[in-house]
file final.csv (CSV, C-alpha atoms)
chain,number,residue,atom,x,y,z
A,124,MET,CA,47.6,111.3,-81.1
A,125,LYS,CA,51.0,111.8,-82.7
A,126,LEU,CA,51.1,115.4,-81.4
A,127,PHE,CA,50.3,114.1,-77.9
A,128,PHE,CA,53.3,111.7,-77.9
A,129,GLU,CA,55.6,114.3,-79.4
A,130,ALA,CA,54.7,116.7,-76.6
A,131,ALA,CA,55.1,113.9,-74.0
A,132,VAL,CA,58.7,113.2,-75.0
A,133,GLU,CA,59.7,116.9,-75.5
A,134,ARG,CA,62.7,117.8,-73.3
A,135,GLY,CA,60.8,120.5,-71.4
A,136,THR,CA,57.9,118.1,-70.6
A,137,VAL,CA,60.3,115.3,-69.5
A,138,THR,CA,62.3,117.7,-67.3
A,139,THR,CA,59.3,119.2,-65.6
A,140,SER,CA,57.6,115.9,-65.1
A,141,ALA,CA,60.8,114.5,-63.6
A,142,LYS,CA,60.9,117.4,-61.1
A,143,VAL,CA,57.3,116.9,-60.2
A,144,ALA,CA,57.8,113.1,-59.7
A,145,LEU,CA,60.8,113.7,-57.5
A,146,LEU,CA,59.0,116.2,-55.3
A,147,VAL,CA,55.6,114.5,-55.1
A,148,GLY,CA,57.0,111.0,-55.1
A,149,SER,CA,59.3,111.8,-52.2
A,150,ILE,CA,56.4,113.2,-50.2
A,151,LEU,CA,54.3,110.2,-50.9
A,152,ALA,CA,57.2,107.8,-50.1
A,153,LEU,CA,57.8,109.5,-46.8
A,154,ILE,CA,54.1,109.3,-46.0
A,155,ASN,CA,53.6,105.7,-47.0
A,156,TYR,CA,57.0,104.1,-46.3
A,157,GLY,CA,59.0,106.5,-44.1
A,158,ASP,CA,58.5,104.6,-40.9
A,159,ARG,CA,59.3,101.2,-42.6
A,160,ILE,CA,62.5,102.6,-44.1
A,161,PHE,CA,63.9,104.8,-41.3
A,162,LEU,CA,62.5,103.3,-38.1
A,163,TYR,CA,61.9,99.6,-38.7
A,164,TRP,CA,64.2,98.8,-41.6
A,165,ASP,CA,61.4,96.4,-42.7
A,166,MET,CA,61.3,96.8,-46.5
A,167,HIS,CA,60.8,93.7,-48.7
A,168,ALA,CA,61.3,93.4,-52.5
A,169,LEU,CA,57.6,94.1,-53.2
A,170,ASP,CA,57.8,97.2,-51.0
A,171,TRP,CA,60.7,98.6,-53.0
A,172,PHE,CA,58.8,97.9,-56.2
A,173,LYS,CA,55.8,99.8,-54.9
A,174,LEU,CA,58.1,102.6,-53.8
A,175,ALA,CA,59.4,102.9,-57.4
A,176,VAL,CA,55.9,103.0,-58.7
A,177,THR,CA,55.2,105.8,-56.2
A,178,TYR,CA,57.5,107.9,-58.3
A,179,CYS,CA,56.2,106.8,-61.6
A,180,VAL,CA,52.6,107.8,-61.0
A,181,PRO,CA,53.2,111.6,-60.5
A,182,TYR,CA,55.6,111.5,-63.5
A,183,CYS,CA,52.8,110.0,-65.7
A,184,VAL,CA,50.2,112.4,-64.4
A,185,ALA,CA,52.4,115.5,-65.0
A,186,THR,CA,53.4,114.2,-68.5
A,187,TYR,CA,49.8,113.5,-69.4
A,188,GLY,CA,48.7,117.0,-68.2
A,189,ALA,CA,51.4,118.8,-70.2
A,190,ALA,CA,50.9,116.7,-73.3
A,191,ARG,CA,47.1,117.2,-73.1
A,192,TYR,CA,47.6,120.9,-72.7
A,193,ALA,CA,50.0,121.1,-75.7
A,194,THR,CA,47.6,119.1,-77.9
A,195,ARG,CA,44.7,121.3,-77.0
A,196,HIS,CA,46.7,124.5,-77.4
A,197,ALA,CA,47.9,123.4,-80.9
A,198,ARG,CA,44.3,122.4,-81.9
A,199,ASP,CA,43.0,125.7,-80.7
A,200,ARG,CA,45.6,127.6,-82.7
A,201,ARG,CA,44.8,125.6,-85.8
A,202,ASN,CA,41.2,126.4,-85.4
A,203,ASN,CA,41.9,130.1,-84.5
A,204,THR,CA,40.1,129.5,-81.1
A,205,PRO,CA,41.3,131.7,-78.2
A,206,THR,CA,43.5,129.6,-76.0
A,207,ASP,CA,42.1,131.1,-72.8
A,208,SER,CA,38.7,129.4,-73.4
A,209,VAL,CA,37.6,127.0,-70.8
A,210,SER,CA,36.3,124.0,-72.8
A,211,SER,CA,36.4,120.4,-72.1

call {"tool": "encode", "arguments": {"input": "final.csv", "output": "structure tokens"}}
result
Amino acid sequence: MKLFFEAAVERGTVTTSAKVALLVGSILALINYGDRIFLYWDMHALDWFKLAVTYCVPYCVATYGAARYATRHARDRRNNTPTDSVSS
């Protein structure tokens, strides 16, 4: 678990996850709130909160994936298991 959190806060992981969140979050924001922001100007406080969460979700997913991969890769190296193996 410690290795997982170390990988999650590693600079490369944070940078990549932030880029993913910016791209995917923006696409989702345009899909879900684009009309309300740009056409109707009808955003309320709860909508702005949900819009922020729209960026947090892809960040968390990308971070989880990277940290999970790093943890599995480190475990496989420790056990001398080939890292190309497809195991769950």

call {"tool": "residues_around", "arguments": {"input": "final.csv", "residues": "Tyr156 of chain A", "least_positions_apart": "6", "cutoff": "9 Å", "atoms": "only C-alpha atoms", "output": "JSON, numbers by chain"}}
result
{"A": [166, 170, 174]}

call {"tool": "closest_residue", "arguments": {"input": "final.csv", "among": "A:Leu162, A:Leu153, A:Ala197, A:Ala189", "to": "Glu133 of chain A", "atoms": "only C-alpha atoms"}}
result
A:Ala189

call {"tool": "atom_distance", "arguments": {"input": "final.csv", "atom1": "atom CA of Met124 of chain A", "atom2": "atom CA of Lys142 of chain A"}}
result
24.8 Å

call {"tool": "closest_residue", "arguments": {"input": "final.csv", "among": "A:Asp199, A:Ser149, A:Tyr192, A:Arg159", "to": "Phe127 of chain A", "atoms": "only C-alpha atoms"}}
result
A:Tyr192

call {"tool": "atom_distance", "arguments": {"input": "final.csv", "atom1": "atom CA of Thr139 of chain A", "atom2": "atom CA of Leu169 of chain A"}}
result
28.0 Å

call {"tool": "atom_distance", "arguments": {"input": "final.csv", "atom1": "atom CA of Gly148 of chain A", "atom2": "atom CA of Val132 of chain A"}}
result
20.1 Å

call {"tool": "residues_around", "arguments": {"input": "final.csv", "residues": "Ala185 of chain A", "least_positions_apart": "3", "cutoff": "10 Å", "atoms": "only C-alpha atoms", "output": "ChimeraX atom specification"}}
result
/A:131,136-137,139-144,180-182,188-191

call {"tool": "build_atoms", "arguments": {"input": "final.csv", "residues": "segment 135-164 of chain A", "atoms": "N, CA and C atoms", "output": "PDB file, in the coordinates of the input"}}
result
ATOM      1  N   GLY A 135      61.375 119.674 -72.437  1.00  0.00           N
ATOM      2  CA  GLY A 135      60.800 120.500 -71.400  1.00  0.00           C
ATOM      3  C   GLY A 135      59.759 119.699 -70.562  1.00  0.00           C
ATOM      4  N   THR A 136      58.959 118.910 -71.257  1.00  0.00           N
ATOM      5  CA  THR A 136      57.900 118.100 -70.600  1.00  0.00           C
ATOM      6  C   THR A 136      58.605 117.048 -69.697  1.00  0.00           C
ATOM      7  N   VAL A 137      59.598 116.380 -70.225  1.00  0.00           N
ATOM      8  CA  VAL A 137      60.300 115.300 -69.500  1.00  0.00           C
ATOM      9  C   VAL A 137      60.970 115.926 -68.230  1.00  0.00           C
ATOM     10  N   THR A 138      61.627 117.063 -68.399  1.00  0.00           N
ATOM     11  CA  THR A 138      62.300 117.700 -67.300  1.00  0.00           C
ATOM     12  C   THR A 138      61.339 118.118 -66.189  1.00  0.00           C
ATOM     13  N   THR A 139      60.272 118.793 -66.590  1.00  0.00           N
ATOM     14  CA  THR A 139      59.300 119.200 -65.600  1.00  0.00           C
ATOM     15  C   THR A 139      58.614 118.065 -64.926  1.00  0.00           C
ATOM     16  N   SER A 140      58.255 117.049 -65.685  1.00  0.00           N
ATOM     17  CA  SER A 140      57.600 115.900 -65.100  1.00  0.00           C
ATOM     18  C   SER A 140      58.530 115.149 -64.134  1.00  0.00           C
ATOM     19  N   ALA A 141      59.814 115.099 -64.453  1.00  0.00           N
ATOM     20  CA  ALA A 141      60.800 114.500 -63.600  1.00  0.00           C
ATOM     21  C   ALA A 141      60.887 115.224 -62.241  1.00  0.00           C
ATOM     22  N   LYS A 142      60.884 116.548 -62.324  1.00  0.00           N
ATOM     23  CA  LYS A 142      60.900 117.400 -61.100  1.00  0.00           C
ATOM     24  C   LYS A 142      59.692 117.156 -60.247  1.00  0.00           C
ATOM     25  N   VAL A 143      58.546 117.135 -60.907  1.00  0.00           N
ATOM     26  CA  VAL A 143      57.300 116.900 -60.200  1.00  0.00           C
ATOM     27  C   VAL A 143      57.318 115.516 -59.533  1.00  0.00           C
ATOM     28  N   ALA A 144      57.752 114.511 -60.271  1.00  0.00           N
ATOM     29  CA  ALA A 144      57.800 113.100 -59.700  1.00  0.00           C
ATOM     30  C   ALA A 144      58.746 113.047 -58.556  1.00  0.00           C
ATOM     31  N   LEU A 145      59.870 113.738 -58.635  1.00  0.00           N
ATOM     32  CA  LEU A 145      60.800 113.700 -57.500  1.00  0.00           C
ATOM     33  C   LEU A 145      60.233 114.336 -56.272  1.00  0.00           C
ATOM     34  N   LEU A 146      59.591 115.474 -56.424  1.00  0.00           N
ATOM     35  CA  LEU A 146      59.000 116.200 -55.300  1.00  0.00           C
ATOM     36  C   LEU A 146      57.802 115.400 -54.715  1.00  0.00           C
ATOM     37  N   VAL A 147      56.818 115.156 -55.565  1.00  0.00           N
ATOM     38  CA  VAL A 147      55.600 114.500 -55.100  1.00  0.00           C
ATOM     39  C   VAL A 147      55.858 113.058 -54.691  1.00  0.00           C
ATOM     40  N   GLY A 148      56.672 112.349 -55.472  1.00  0.00           N
ATOM     41  CA  GLY A 148      57.000 111.000 -55.100  1.00  0.00           C
ATOM     42  C   GLY A 148      57.705 110.855 -53.787  1.00  0.00           C
ATOM     43  N   SER A 149      58.600 111.806 -53.497  1.00  0.00           N
ATOM     44  CA  SER A 149      59.300 111.800 -52.200  1.00  0.00           C
ATOM     45  C   SER A 149      58.338 112.033 -51.048  1.00  0.00           C
ATOM     46  N   ILE A 150      57.425 112.964 -51.241  1.00  0.00           N
ATOM     47  CA  ILE A 150      56.400 113.200 -50.200  1.00  0.00           C
ATOM     48  C   ILE A 150      55.576 111.977 -49.962  1.00  0.00           C
ATOM     49  N   LEU A 151      55.098 111.371 -51.040  1.00  0.00           N
ATOM     50  CA  LEU A 151      54.300 110.200 -50.900  1.00  0.00           C
ATOM     51  C   LEU A 151      55.079 109.008 -50.299  1.00  0.00           C
ATOM     52  N   ALA A 152      56.342 108.879 -50.691  1.00  0.00           N
ATOM     53  CA  ALA A 152      57.200 107.800 -50.100  1.00  0.00           C
ATOM     54  C   ALA A 152      57.374 107.984 -48.642  1.00  0.00           C
ATOM     55  N   LEU A 153      57.606 109.218 -48.215  1.00  0.00           N
ATOM     56  CA  LEU A 153      57.800 109.500 -46.800  1.00  0.00           C
ATOM     57  C   LEU A 153      56.469 109.158 -46.023  1.00  0.00           C
ATOM     58  N   ILE A 154      55.345 109.548 -46.609  1.00  0.00           N
ATOM     59  CA  ILE A 154      54.100 109.300 -46.000  1.00  0.00           C
ATOM     60  C   ILE A 154      53.797 107.780 -45.869  1.00  0.00           C
ATOM     61  N   ASN A 155      54.004 107.089 -46.970  1.00  0.00           N
ATOM     62  CA  ASN A 155      53.600 105.700 -47.000  1.00  0.00           C
ATOM     63  C   ASN A 155      54.686 104.711 -46.505  1.00  0.00           C
ATOM     64  N   TYR A 156      55.966 105.044 -46.653  1.00  0.00           N
ATOM     65  CA  TYR A 156      57.000 104.100 -46.300  1.00  0.00           C
ATOM     66  C   TYR A 156      58.067 104.642 -45.360  1.00  0.00           C
ATOM     67  N   GLY A 157      57.936 105.895 -44.944  1.00  0.00           N
ATOM     68  CA  GLY A 157      59.000 106.500 -44.100  1.00  0.00           C
ATOM     69  C   GLY A 157      59.280 105.742 -42.854  1.00  0.00           C
ATOM     70  N   ASP A 158      58.253 105.309 -42.157  1.00  0.00           N
ATOM     71  CA  ASP A 158      58.500 104.600 -40.900  1.00  0.00           C
ATOM     72  C   ASP A 158      59.166 103.222 -41.192  1.00  0.00           C
ATOM     73  N   ARG A 159      58.765 102.563 -42.258  1.00  0.00           N
ATOM     74  CA  ARG A 159      59.300 101.200 -42.600  1.00  0.00           C
ATOM     75  C   ARG A 159      60.782 101.346 -43.030  1.00  0.00           C
ATOM     76  N   ILE A 160      61.129 102.464 -43.663  1.00  0.00           N
ATOM     77  CA  ILE A 160      62.500 102.600 -44.100  1.00  0.00           C
ATOM     78  C   ILE A 160      63.407 103.120 -43.012  1.00  0.00           C
ATOM     79  N   PHE A 161      62.987 104.159 -42.295  1.00  0.00           N
ATOM     80  CA  PHE A 161      63.900 104.800 -41.300  1.00  0.00           C
ATOM     81  C   PHE A 161      63.760 104.317 -39.901  1.00  0.00           C
ATOM     82  N   LEU A 162      62.622 103.796 -39.522  1.00  0.00           N
ATOM     83  CA  LEU A 162      62.500 103.300 -38.100  1.00  0.00           C
ATOM     84  C   LEU A 162      62.627 101.837 -37.981  1.00  0.00           C
ATOM     85  N   TYR A 163      61.953 101.080 -38.831  1.00  0.00           N
ATOM     86  CA  TYR A 163      61.900  99.600 -38.700  1.00  0.00           C
ATOM     87  C   TYR A 163      62.850  98.849 -39.564  1.00  0.00           C
ATOM     88  N   TRP A 164      63.344  99.482 -40.614  1.00  0.00           N
ATOM     89  CA  TRP A 164      64.200  98.800 -41.600  1.00  0.00           C
ATOM     90  C   TRP A 164      63.519  97.495 -42.047  1.00  0.00           C
TER      91      TRP A 164
END
